[in-house]
file final.txt (compact mmCIF, C-alpha atoms and all ligand atoms)
# COMPACT_ATOMS: atom_id res chain seq x y z
CA MET G 737 73.98 76.17 95.89
CA ASN G 738 75.04 77.72 99.18
CA GLN G 739 74.47 81.41 99.55
CA ILE G 740 77.89 81.86 101.13
CA PHE G 741 80.92 81.22 98.90
CA LYS G 742 84.09 80.09 100.54
CA PHE G 743 87.34 80.53 98.63
CA ASN G 744 90.36 78.31 98.26
CA ALA G 745 93.85 79.78 98.24
CA ASN G 746 94.54 81.77 95.06
CA ARG G 747 98.24 82.53 95.10
CA VAL G 748 99.58 85.07 92.64
CA TRP G 749 103.09 85.61 91.27
CA ARG G 750 104.64 88.95 92.21
CA THR G 751 107.95 90.70 91.79
CA TYR G 752 108.99 90.19 95.42
CA GLN G 753 109.45 87.29 97.82
CA GLY G 754 107.19 86.12 100.64
CA GLY G 755 104.31 83.79 101.33
CA LYS G 756 105.82 81.46 103.94
CA LEU G 757 103.01 82.30 106.37
CA LEU G 758 100.45 81.76 103.63
CA ASP G 759 101.99 78.33 102.99
CA THR G 760 101.66 77.62 106.71
CA ILE G 761 98.02 78.75 106.72
CA GLU G 762 97.38 76.43 103.77
CA GLY G 763 98.93 73.55 105.70
CA LYS G 764 101.78 72.98 103.21
CA GLU G 765 104.42 70.53 104.37
CA SER G 766 107.46 72.74 103.93
CA PRO G 767 106.36 76.35 104.08
CA GLU G 768 108.76 78.68 102.28
CA ASP G 769 109.03 82.14 100.83
CA SER G 770 108.71 82.30 97.06
CA SER G 771 107.48 84.53 94.25
CA PHE G 772 103.91 83.82 95.39
CA PRO G 773 103.60 86.15 98.39
CA GLU G 774 99.93 87.06 97.87
CA ASP G 775 96.56 85.32 97.96
CA TRP G 776 93.86 87.17 96.03
CA ILE G 777 90.61 86.48 97.81
CA GLY G 778 87.60 85.88 95.57
CA SER G 779 89.31 88.13 93.06
CA THR G 780 87.46 89.49 90.02
CA VAL G 781 90.71 91.06 88.78
CA GLU G 782 93.36 89.46 86.59
CA ALA G 783 96.97 90.09 87.61
CA ARG G 784 99.19 92.07 85.22
CA ASN G 785 102.50 90.23 85.35
CA VAL G 786 104.77 91.27 82.50
CA GLY G 787 106.49 88.22 81.04
CA ARG G 788 103.76 85.88 82.32
CA GLU G 789 100.97 86.97 79.99
CA HIS G 790 100.54 83.35 78.91
CA ILE G 791 99.39 82.49 82.42
CA SER G 792 96.05 83.75 83.66
CA GLU G 793 96.42 84.51 87.33
CA GLY G 794 94.53 86.53 89.86
CA LEU G 795 90.97 85.55 89.00
CA ALA G 796 89.30 83.41 91.67
CA MET G 797 87.63 80.25 90.43
CA VAL G 798 84.59 78.61 92.00
CA THR G 799 82.90 75.29 91.38
CA GLY G 800 79.17 75.40 90.73
CA ASP G 801 76.58 72.75 91.65
CA ASP G 802 77.05 71.18 88.21
CA GLY G 803 80.70 70.51 89.05
CA HIS G 804 82.01 73.08 86.54
CA THR G 805 84.71 75.48 87.63
CA VAL G 806 84.17 79.05 86.48
CA PRO G 807 85.70 82.43 87.29
CA PHE G 808 83.86 83.84 90.28
CA ARG G 809 83.19 87.07 88.36
CA ASP G 810 81.25 85.15 85.66
CA LEU G 811 79.01 83.77 88.32
CA LEU G 812 78.44 87.23 89.79
CA THR G 813 77.45 88.67 86.41
CA GLN G 814 74.83 85.93 85.94
CA ASN G 815 72.76 87.44 88.74
CA LYS G 816 74.10 90.90 89.50
CA ASP G 817 70.95 91.99 91.20
CA TYR G 818 71.26 89.30 93.88
CA PHE G 819 75.04 89.17 94.23
CA LEU G 820 75.97 92.84 93.90
CA GLY G 821 72.72 94.68 94.64
CA LYS G 822 72.37 98.44 94.44
CA SER G 823 73.84 101.58 95.90
CA GLY G 824 70.78 103.80 96.31
CA ASP G 825 69.07 103.48 92.93
CA THR G 826 72.21 102.58 91.03
CA GLU G 827 73.01 98.97 90.22
CA ARG G 828 76.40 97.87 91.40
CA THR G 829 78.88 96.63 88.79
CA LEU G 830 82.02 94.51 88.85
CA GLU G 831 84.00 97.73 89.20
CA ASP G 832 82.52 98.28 92.64
CA ILE G 833 84.00 95.04 93.97
CA PRO G 834 87.11 95.70 96.04
CA LEU G 835 90.15 93.54 95.45
CA VAL G 836 91.10 91.87 98.73
CA LYS G 837 94.43 90.13 99.30
CA TYR G 838 96.50 88.44 101.92
CA LEU G 839 100.00 89.83 101.48
CA ASP G 840 102.97 88.26 103.27
CA SER G 841 106.29 90.03 102.65
CA ALA G 842 109.68 88.44 103.30
CA THR G 843 111.58 91.41 101.85
CA ARG G 844 110.93 95.11 101.58
CA LEU G 845 108.93 95.69 98.42
CA HIS G 846 110.21 97.99 95.70
CA PHE G 847 109.09 101.63 95.80
CA GLN G 848 105.87 102.20 93.93
CA ALA G 849 102.90 104.52 93.47
CA HIS G 850 99.44 103.74 92.16
CA PRO G 851 97.17 105.96 90.12
CA THR G 852 94.11 107.60 91.59
CA ARG G 853 90.73 106.80 90.08
CA GLU G 854 90.74 110.17 88.29
CA PHE G 855 94.17 109.51 86.80
CA ALA G 856 93.16 106.03 85.65
CA GLN G 857 90.02 107.36 83.99
CA GLU G 858 91.44 110.52 82.47
CA ARG G 859 94.92 109.41 81.49
CA LEU G 860 94.76 105.65 81.12
CA GLY G 861 91.18 105.15 79.95
CA LEU G 862 90.62 102.63 82.73
CA PRO G 863 87.75 102.64 85.21
CA ARG G 864 89.62 102.23 88.48
CA GLY G 865 92.86 103.39 90.08
CA LYS G 866 94.42 101.70 93.08
CA THR G 867 93.80 103.42 96.36
CA GLU G 868 94.64 100.75 98.93
CA ALA G 869 94.24 99.99 102.62
CA TYR G 870 96.30 97.77 104.91
CA VAL G 871 95.09 95.93 107.98
CA ILE G 872 98.18 94.54 109.69
CA LEU G 873 97.58 90.98 110.89
CA GLN G 874 100.98 89.72 112.01
CA THR G 875 104.63 90.62 111.85
CA ARG G 876 107.54 88.18 111.72
CA GLU G 877 109.46 87.58 114.92
CA ASP G 878 112.84 87.97 113.26
CA VAL G 879 111.95 91.49 112.12
CA SER G 880 112.48 93.68 115.15
CA GLU G 881 111.02 96.94 113.82
CA PRO G 882 108.43 96.26 111.14
CA TYR G 883 107.58 99.35 109.06
CA ILE G 884 106.13 100.75 105.90
CA TYR G 885 107.17 103.78 103.89
CA ALA G 886 104.32 106.06 102.83
CA GLY G 887 104.08 109.54 101.29
CA PHE G 888 107.12 111.74 100.95
CA GLN G 889 108.12 113.11 104.36
CA ARG G 890 110.68 115.20 102.47
CA PRO G 891 109.45 115.47 98.87
CA PRO G 892 112.00 115.85 96.09
CA SER G 893 111.21 118.12 93.16
CA ARG G 894 109.81 116.39 90.11
CA ALA G 895 113.09 116.94 88.23
CA GLN G 896 115.08 115.55 91.16
CA LEU G 897 112.94 112.45 91.42
CA LYS G 898 113.16 111.91 87.66
CA GLN G 899 116.93 111.98 87.86
CA TRP G 900 117.03 109.61 90.86
CA ILE G 901 114.74 107.20 89.07
CA GLU G 902 116.82 107.35 85.89
CA THR G 903 120.04 106.77 87.78
CA GLN G 904 118.32 104.42 90.30
CA ASP G 905 119.71 106.41 93.21
CA ILE G 906 117.74 104.40 95.75
CA LYS G 907 119.62 105.87 98.70
CA SER G 908 118.37 109.34 97.81
CA ILE G 909 114.85 108.07 97.12
CA GLU G 910 114.82 106.28 100.47
CA SER G 911 115.97 109.45 102.21
CA CYS G 912 112.62 111.07 101.32
CA PHE G 913 110.84 108.66 103.67
CA ASP G 914 110.83 107.81 107.37
CA PRO G 915 109.93 104.26 108.36
CA ILE G 916 106.42 104.20 109.85
CA PRO G 917 106.26 101.52 112.57
CA VAL G 918 103.48 98.94 112.21
CA LYS G 919 102.02 96.34 114.56
CA PRO G 920 99.13 93.85 114.38
CA GLY G 921 95.81 95.67 114.44
CA ASP G 922 97.08 98.84 112.74
CA VAL G 923 95.08 100.12 109.79
CA PHE G 924 96.32 102.44 107.03
CA LEU G 925 94.80 104.06 103.98
CA LEU G 926 97.13 104.83 101.08
CA PRO G 927 95.36 107.04 98.54
CA GLY G 928 96.38 106.73 94.89
CA GLY G 929 99.35 108.96 94.10
CA ARG G 930 101.16 108.44 97.38
CA PRO G 931 104.56 106.77 96.91
CA HIS G 932 105.17 103.84 99.23
CA ALA G 933 107.02 100.61 99.95
CA LEU G 934 105.95 97.89 102.36
CA GLY G 935 108.62 96.65 104.71
CA GLU G 936 109.67 93.04 105.26
CA GLY G 937 107.98 90.59 107.60
CA ILE G 938 104.40 91.84 107.40
CA LEU G 939 101.27 89.75 106.98
CA MET G 940 98.36 91.99 106.10
CA LEU G 941 94.94 92.05 104.58
CA GLU G 942 95.06 94.50 101.73
CA ILE G 943 91.87 96.03 100.37
CA MET G 944 92.02 98.08 97.18
CA GLU G 945 90.23 99.33 94.12
CA PRO G 946 89.91 96.50 91.61
CA SER G 947 93.00 97.03 89.48
CA ASP G 948 96.62 95.92 89.29
CA LEU G 949 98.16 99.25 88.20
CA ALA G 950 101.52 100.32 89.60
CA VAL G 951 104.36 102.70 88.84
CA ARG G 952 107.38 100.75 90.06
CA PHE G 953 110.21 103.21 90.42
CA GLU G 954 112.79 100.94 92.00
CA PHE G 955 113.85 98.58 89.28
CA GLU G 956 115.78 95.92 91.16
CA ARG G 957 115.04 94.23 94.48
CA CYS G 958 116.77 91.15 95.84
CA GLY G 959 118.19 90.21 92.46
CA TYR G 960 114.96 90.52 90.47
CA VAL G 961 114.95 93.22 87.77
CA ILE G 962 111.54 94.60 86.91
CA PRO G 963 111.11 94.51 83.12
CA GLU G 964 110.84 97.92 81.44
CA GLN G 965 107.21 97.54 80.44
CA ALA G 966 106.28 96.84 84.05
CA ARG G 967 107.92 99.98 85.46
CA PHE G 968 105.70 102.82 84.26
CA MET G 969 102.47 101.03 83.33
CA ASP G 970 103.87 100.61 79.82
CA ARG G 971 104.06 104.42 79.46
CA GLY G 972 106.99 106.84 79.65
CA ILE G 973 108.61 108.22 82.77
CA ASP G 974 106.82 111.57 82.38
CA THR G 975 103.40 109.96 82.54
CA ALA G 976 104.63 107.93 85.51
CA LEU G 977 105.77 111.08 87.30
CA ASP G 978 102.32 112.60 86.81
CA VAL G 979 100.97 109.82 89.04
CA PHE G 980 102.88 111.10 92.07
CA ASP G 981 101.41 113.20 94.83
CA PHE G 982 104.44 115.29 95.76
CA SER G 983 102.76 117.15 98.61
CA PRO G 984 104.73 116.63 101.81
CA VAL G 985 103.55 114.41 104.65
CA PRO G 986 105.95 115.57 107.37
CA PRO G 987 106.58 113.11 110.24
CA GLU G 988 104.12 114.84 112.57
CA GLN G 989 101.35 114.50 109.97
CA VAL G 990 101.94 110.86 109.04
CA ASP G 991 99.41 109.43 111.49
CA ALA G 992 96.68 111.90 110.60
CA GLU G 993 97.28 111.30 106.91
CA PHE G 994 97.56 107.51 106.76
CA ARG G 995 96.52 105.83 110.01
CA CYS G 996 92.86 104.97 110.49
CA PRO G 997 91.91 104.48 114.12
CA PRO G 998 88.95 102.07 114.43
CA LYS G 999 85.60 103.65 115.26
CA VAL G 1000 83.10 101.61 117.29
CA LEU G 1001 79.76 101.50 115.45
CA SER G 1002 77.92 99.29 117.94
CA THR G 1003 78.54 97.11 120.93
CA ASP G 1004 76.26 95.01 123.15
CA GLU G 1005 76.25 93.40 126.60
CA GLN G 1006 77.50 90.05 125.20
CA GLY G 1007 80.68 91.72 124.03
CA ASN G 1008 79.81 91.75 120.30
CA THR G 1009 81.36 94.74 118.64
CA LEU G 1010 81.16 96.21 115.17
CA GLU G 1011 83.88 98.67 114.23
CA GLU G 1012 84.51 100.75 111.15
CA LEU G 1013 88.13 100.50 110.06
CA ILE G 1014 87.79 102.30 106.70
CA GLY G 1015 84.71 104.39 106.04
CA ALA G 1016 83.36 107.22 103.93
CA LYS G 1017 85.51 109.75 105.76
CA ASN G 1018 88.63 107.91 104.56
CA THR G 1019 87.68 107.00 100.98
CA ALA G 1020 84.74 106.44 98.65
CA CYS G 1021 86.51 103.42 97.13
CA PHE G 1022 85.62 100.72 99.70
CA THR G 1023 84.52 100.18 103.28
CA VAL G 1024 86.07 97.87 105.89
CA ARG G 1025 84.48 96.80 109.16
CA ARG G 1026 85.52 94.44 111.91
CA ALA G 1027 82.94 92.25 113.64
CA THR G 1028 84.16 90.74 116.90
CA MET G 1029 81.85 88.35 118.69
CA ASN G 1030 81.27 86.21 121.71
CA GLY G 1031 78.18 84.03 121.39
CA THR G 1032 75.56 85.05 118.84
CA PHE G 1033 75.85 88.22 116.77
CA LYS G 1034 72.85 89.06 114.58
CA ARG G 1035 73.65 91.22 111.60
CA ASN G 1036 71.72 93.12 108.95
CA GLU G 1037 73.62 94.33 105.91
CA GLU G 1038 72.36 95.68 102.60
CA ALA G 1039 75.63 95.44 100.65
CA PHE G 1040 77.70 92.44 99.55
CA PHE G 1041 81.01 91.86 101.31
CA TYR G 1042 84.08 89.65 101.54
CA GLY G 1043 84.57 88.22 105.03
CA VAL G 1044 87.96 87.11 106.36
CA VAL G 1045 88.26 85.29 109.68
CA THR G 1046 91.31 86.80 111.32
CA GLN G 1047 90.84 85.28 114.78
CA GLY G 1048 88.99 82.37 116.35
CA SER G 1049 86.34 80.23 114.72
CA GLY G 1050 82.59 79.79 114.65
CA THR G 1051 79.69 79.69 112.20
CA LEU G 1052 77.72 81.96 109.92
CA ARG G 1053 74.01 81.14 109.74
CA ILE G 1054 71.55 82.28 107.08
CA GLY G 1055 68.20 80.66 107.87
CA ASP G 1056 68.97 76.91 107.79
CA GLU G 1057 72.29 77.30 106.00
CA VAL G 1058 75.16 77.01 108.43
CA THR G 1059 78.73 77.69 107.24
CA GLU G 1060 81.65 76.68 109.45
CA LEU G 1061 84.30 79.35 109.75
CA LYS G 1062 87.87 78.69 110.84
CA GLN G 1063 90.70 81.15 111.31
CA TRP G 1064 92.04 82.53 108.00
CA GLU G 1065 89.04 81.29 105.99
CA ARG G 1066 87.45 83.76 103.59
CA PHE G 1067 84.05 84.01 102.02
CA PHE G 1068 81.68 86.16 99.97
CA CYS G 1069 78.28 87.20 101.25
CA PRO G 1070 75.89 88.34 98.47
CA ALA G 1071 73.93 91.61 98.69
CA GLY G 1072 70.75 89.51 98.59
CA VAL G 1073 71.60 88.13 102.04
CA THR G 1074 70.43 90.93 104.28
CA GLU G 1075 70.12 89.04 107.58
CA PHE G 1076 72.64 86.64 108.99
CA GLU G 1077 74.05 85.53 112.29
CA TYR G 1078 77.57 84.82 113.42
CA GLU G 1079 78.05 82.44 116.31
CA SER G 1080 81.16 81.62 118.26
CA ALA G 1081 81.56 80.11 121.70
CA ALA G 1082 85.26 80.91 122.01
CA GLY G 1083 85.30 84.25 120.19
CA MET G 1084 85.83 85.19 116.55
CA SER G 1085 86.89 88.26 114.65
CA ILE G 1086 85.93 88.89 111.03
CA LEU G 1087 87.08 91.62 108.69
CA GLU G 1088 84.27 92.55 106.33
CA CYS G 1089 85.25 94.30 103.08
CA TYR G 1090 82.42 96.15 101.33
CA PRO G 1091 82.15 98.32 98.26
CA GLY G 1092 82.48 102.07 98.78
CA ASN G 1093 79.89 104.76 98.33
CA THR G 1094 80.45 105.28 94.65
O1 LIG G 1101 102.94 94.04 91.58
P1 LIG G 1101 104.22 94.04 92.36
O2 LIG G 1101 105.19 94.98 91.79
O3 LIG G 1101 104.76 92.69 92.58
O4 LIG G 1101 103.84 94.72 93.73
C1 LIG G 1101 103.28 94.05 94.71
C2 LIG G 1101 102.33 94.67 95.69
O5 LIG G 1101 102.72 95.93 96.12
C3 LIG G 1101 101.97 96.41 97.22
O6 LIG G 1101 102.41 97.67 97.62
C4 LIG G 1101 100.51 96.45 96.85
O7 LIG G 1101 100.27 97.44 95.89
C5 LIG G 1101 100.06 95.10 96.31
O8 LIG G 1101 98.70 95.15 95.94
C6 LIG G 1101 100.91 94.68 95.17
O9 LIG G 1101 100.51 93.43 94.69
call {"tool": "encode", "arguments": {"input": "final.txt", "output": "structure tokens"}}
result
Amino acid sequence: MNQIFKFNANRVWRTYQGGKLLDTIEGKESPEDSSFPEDWIGSTVEARNVGREHISEGLAMVTGDDGHTVPFRDLLTQNKDYFLGKSGDTERTLEDIPLVKYLDSATRLHFQAHPTREFAQERLGLPRGKTEAYVILQTREDVSEPYIYAGFQRPPSRAQLKQWIETQDIKSIESCFDPIPVKPGDVFLLPGGRPHALGEGILMLEIMEPSDLAVRFEFERCGYVIPEQARFMDRGIDTALDVFDFSPVPPEQVDAEFRCPPKVLSTDEQGNTLEELIGAKNTACFTVRRATMNGTFKRNEEAFFYGVVTQGSGTLRIGDEVTELKQWERFFCPAGVTEFEYESAAGMSILECYPGNT
């Protein structure tokens, strides 16, 4: 079996529309927006889609040498030591594996907030919350000012928000936010608790804690009504309101709070560069780096990671094993692979998504 696992598309049903660009990437004949706007890359997490419990979606499947198709996470648990490795002296578990998605929005998403890890553990009895990061890859040409909403610039009181949610006064809810402009290359970290909504026309790589927990406080978008059970994580509105971080993020603090300027970790005379996009100073939940190369780029890494080719093409070599990499392809590199080499004559850029420091 190859040491590097490549993944096929793994589209997941969501409450909003999008995915035309993902169809195009997959080479579909008539790309179109649909209720499958996300591709969960090598996912070890099952989607929570109320009303579709009879369908298992989210988990990535891989085919072993014996021809059997199994969930990728089953394969990982068969040899955790090799695939997941350790953090210091502590063995890594499935809960350390970030969930990585392509997300391609055709419409603005409904307003939502995700629990922090502490909230998930203390209040929901679940191991992980959903702090998430966005790496913007493309925006649609017909959307002139692509944006996201994040954090309350003008926070309402808890009682006020409760009333607006109950009466679905979306205009008032929206007035708490300013659109934050986004462009390809931008990186954001959205800690659990921060209310947000992604704008229309954005293709991004989303990296998050491995869960599918959301408080959805806008109940109808583009004709689709979110079922009651799916609004407040199957709890009441008061528990849902406890998820929110009401502290203000005034306009002049938005960048410092959410934007993550890349930090160059290393660069060489060939033009190979390794950057940290999300690191320990941003969150303990996961780490994201960008490797950009021209020619041969030798790498040493102790931790496992998901790699996503966002530009160009080339190869990844581990000893004699050579894996071809084309734009948009995605793969998993086990912790047991500590030395590898990227090679690209025409240039290639890879986003590498690692576990965090916890
Ligand atoms: O799960 P629904 O409500 O369709 O939301 C869809 C998406 O919202 C975004 O803000 C992210 O949190 C995604 O990870 C999530 O999948």
call {"tool": "residues_near_ligand", "arguments": {"input": "final.txt", "ligand": "ligand LIG 1101 (chain G)", "cutoff": "6 Å", "atoms": "all atoms listed in the file", "output": "PyMOL selection string"}}
result
chain G and resi 750-752+933-934
call {"tool": "closest_residue", "arguments": {"input": "final.txt", "among": "G:Thr1051, G:Thr829, G:Gln904, G:Asn1036", "to": "Glu1075 (chain G)", "atoms": "all atoms listed in the file"}}
result
G:Asn1036
call {"tool": "closest_atom_pairs", "arguments": {"input": "final.txt", "of": "region 986-1031 of chain G", "to": "region 849-862 of chain G", "cutoff": "12 Å", "atoms": "only C-alpha atoms", "output": "tab-separated table"}}
result
residue	atom	partner	partner_atom	distance
G:Thr1019	CA	G:Arg853	CA	11.3
G:Ala1020	CA	G:Arg853	CA	10.5
G:Cys1021	CA	G:Arg853	CA	8.9
call {"tool": "closest_residue", "arguments": {"input": "final.txt", "among": "G:Ile1086, G:Val923, G:Leu812, G:Ala745", "to": "Gln1047 (chain G)", "atoms": "all atoms listed in the file"}}
result
G:Ile1086
call {"tool": "residues_around", "arguments": {"input": "final.txt", "residues": "Pro987 (chain G)", "least_positions_apart": "3", "cutoff": "12 Å", "atoms": "all atoms listed in the file", "output": "MDAnalysis selection string"}}
result
chainID G and resid 885:891 912:917 984 990:994
call {"tool": "closest_residue", "arguments": {"input": "final.txt", "among": "G:Glu1077, G:Ser766, G:Met1029, G:Val836", "to": "Thr1003 (chain G)", "atoms": "all atoms listed in the file"}}
result
G:Met1029
call {"tool": "axis_aligned_box", "arguments": {"input": "final.txt", "around": "region 870-873 of chain G", "padding_each_side": "3 Å", "output": "JSON"}}
result
{"center_x": 96.6, "center_y": 94.4, "center_z": 107.9, "size_x": 9.1, "size_y": 12.8, "size_z": 12.0}
call {"tool": "closest_residue", "arguments": {"input": "final.txt", "among": "G:Thr903, G:Ser779, G:Thr1028, G:Ser1080", "to": "Arg1053 (chain G)", "atoms": "all atoms listed in the file"}}
result
G:Ser1080
call {"tool": "residues_near_point", "arguments": {"input": "final.txt", "point": "(108.4, 82.6, 103.0)", "cutoff": "12 Å", "atoms": "all atoms listed in the file", "output": "compact mmCIF listing (two decimals) with C-alpha atoms, in the frame of the given file"}}
result
# COMPACT_ATOMS: atom_id res chain seq x y z
CA TYR G 752 108.99 90.19 95.42
CA GLN G 753 109.45 87.29 97.82
CA GLY G 754 107.19 86.12 100.64
CA GLY G 755 104.31 83.79 101.33
CA LYS G 756 105.82 81.46 103.94
CA LEU G 757 103.01 82.30 106.37
CA LEU G 758 100.45 81.76 103.63
CA ASP G 759 101.99 78.33 102.99
CA THR G 760 101.66 77.62 106.71
CA ILE G 761 98.02 78.75 106.72
CA LYS G 764 101.78 72.98 103.21
CA SER G 766 107.46 72.74 103.93
CA PRO G 767 106.36 76.35 104.08
CA GLU G 768 108.76 78.68 102.28
CA ASP G 769 109.03 82.14 100.83
CA SER G 770 108.71 82.30 97.06
CA SER G 771 107.48 84.53 94.25
CA PHE G 772 103.91 83.82 95.39
CA PRO G 773 103.60 86.15 98.39
CA GLU G 774 99.93 87.06 97.87
CA LEU G 839 100.00 89.83 101.48
CA ASP G 840 102.97 88.26 103.27
CA SER G 841 106.29 90.03 102.65
CA ALA G 842 109.68 88.44 103.30
CA THR G 843 111.58 91.41 101.85
CA ARG G 876 107.54 88.18 111.72
CA GLU G 936 109.67 93.04 105.26
CA GLY G 937 107.98 90.59 107.60
CA ILE G 938 104.40 91.84 107.40
CA LEU G 939 101.27 89.75 106.98
call {"tool": "residues_around", "arguments": {"input": "final.txt", "residues": "Trp900 (chain G)", "least_positions_apart": "2", "cutoff": "12 Å", "atoms": "all atoms listed in the file", "output": "JSON, numbers by chain"}}
result
{"G": [892, 893, 894, 895, 896, 897, 898, 902, 903, 904, 905, 906, 907, 908, 909, 910, 911, 912, 953, 954, 955, 973, 977]}
call {"tool": "closest_residue", "arguments": {"input": "final.txt", "among": "G:Ala1039, G:Met737, G:Ile1054, G:Ala869", "to": "Pro1070 (chain G)", "atoms": "only C-alpha atoms"}}
result
G:Ala1039
